[in-house]
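Scroll down for the structure; my scribbles are underneath it.
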Amino acid sequence: MTLTGHFQVVYNLKRIRKIMKKYEIICPVRKANPYKRMLKATKEHRIVPNQLNREFKQNTPGKALLTDITYLVYGKNQRAYLSTILDGSTNEILAYHVSEQMTLELVTTTLHKLKRKLRIRLTKGAYIHSDQGSHYTSPTYQKLVKKLNLGQSMSRRGNCWNNAPQESFFGHLKDEAHIKSCVSFNELKQEVKKYMTYYNHYRYQWNLKKMTPVGWSYPCQVDSNGLGAFSLSSLSFKFNRTKVV
């Protein structure tokens, strides 16, 4: 700025550094301390212990919630990001959000959707389990979790088995939904929405005694959720829609 303002000379930063190196010019102004910056980030982003310890099945819906993020490739090698919250006892996807950016808003919006879902009844002492990603260690996210009266649990770093049901769901989604054939982001969102309805209400599972996630959680509500207009014939996936897995 000084060169431009006083001498009408325009040099970019790279050239200035090259000249300083050539003539061994050292700037007397102190540099930012990277260790202080790292320490500040560590204090702000808090990691919590693993309260779940792979005990996904609590025999009580709304007790252990699992959350994670995955990417979805569609169109001309475009990427979108999916955040989900899954009930560890029933495998039901309680809330989800699809975004074109993997920002903090991706996970906070998912939590807000969980809050707005009136049918969800969380039990006393319920907690939400995730990995140690920066989204989940963020003060903003952790404050929102606390506001929802949820405890928080985290897997140890680099261990996907500590959130296995979420990883399994993402695998089924990518195998069975027509993600790659979606041309636009809006088309992708509609495909994900259809799959969520199918998975929760029509996908029977062995570990749920051959019932669906919603059927296992709310046996009296399976046919009373206004699903008449969302019939099986409107859901198109790669495999037999009634197969038990």
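As shown in the structure tokens, the chain order sets the letters A, B, ...; within each chain, residues go from 1, and ligands are also counted from 1 in the order they appear.
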
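The neighbours of Leu106 of chain A here are the residues that come within 10 Å of it, using only C-alpha atoms and leaving out any residue fewer than 6 positions away in the same chain; they are Ile69, Tyr81, Leu82, Ser83, Thr84, Tyr96, His97, Val98, Ser99, Glu100 and His135 of chain A.
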
Q: Compare A:Tyr198, A:Phe185, A:Trp216, A:Tyr136 by their minimum atom-to-atom distance to Leu173 of chain A, counting only C-alpha atoms, and give me the closest one.
A: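 Result for the nearest residue to Leu173 of chain A: A:Tyr198.
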
Q.
Among segment 82-234 of chain A, which residues does DSSP mark as strand (DSSP E or B) when it is run on the backbone? Keep the chain and numbering as in the structure and answer as a list in words.
A.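 Matching residues for strand (DSSP E or B) in segment 82-234 of chain A are Leu82, Ser83, Thr84, Ile85, Leu86, Asp87, Ile93, Leu94, Ala95, Tyr96, His97, Val98, Ser99, Tyr127, Ile128, His129, Ser130, Gly151, Gln152, Ser153, Met154, Gln205 and Met211 of chain A.
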
Q) Quick one, how far is atom CA of Gln166 of chain A from atom CA of Ile85 of chain A? A)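 Pair atom CA of Gln166 of chain A / atom CA of Ile85 of chain A returns 8.4 Å.
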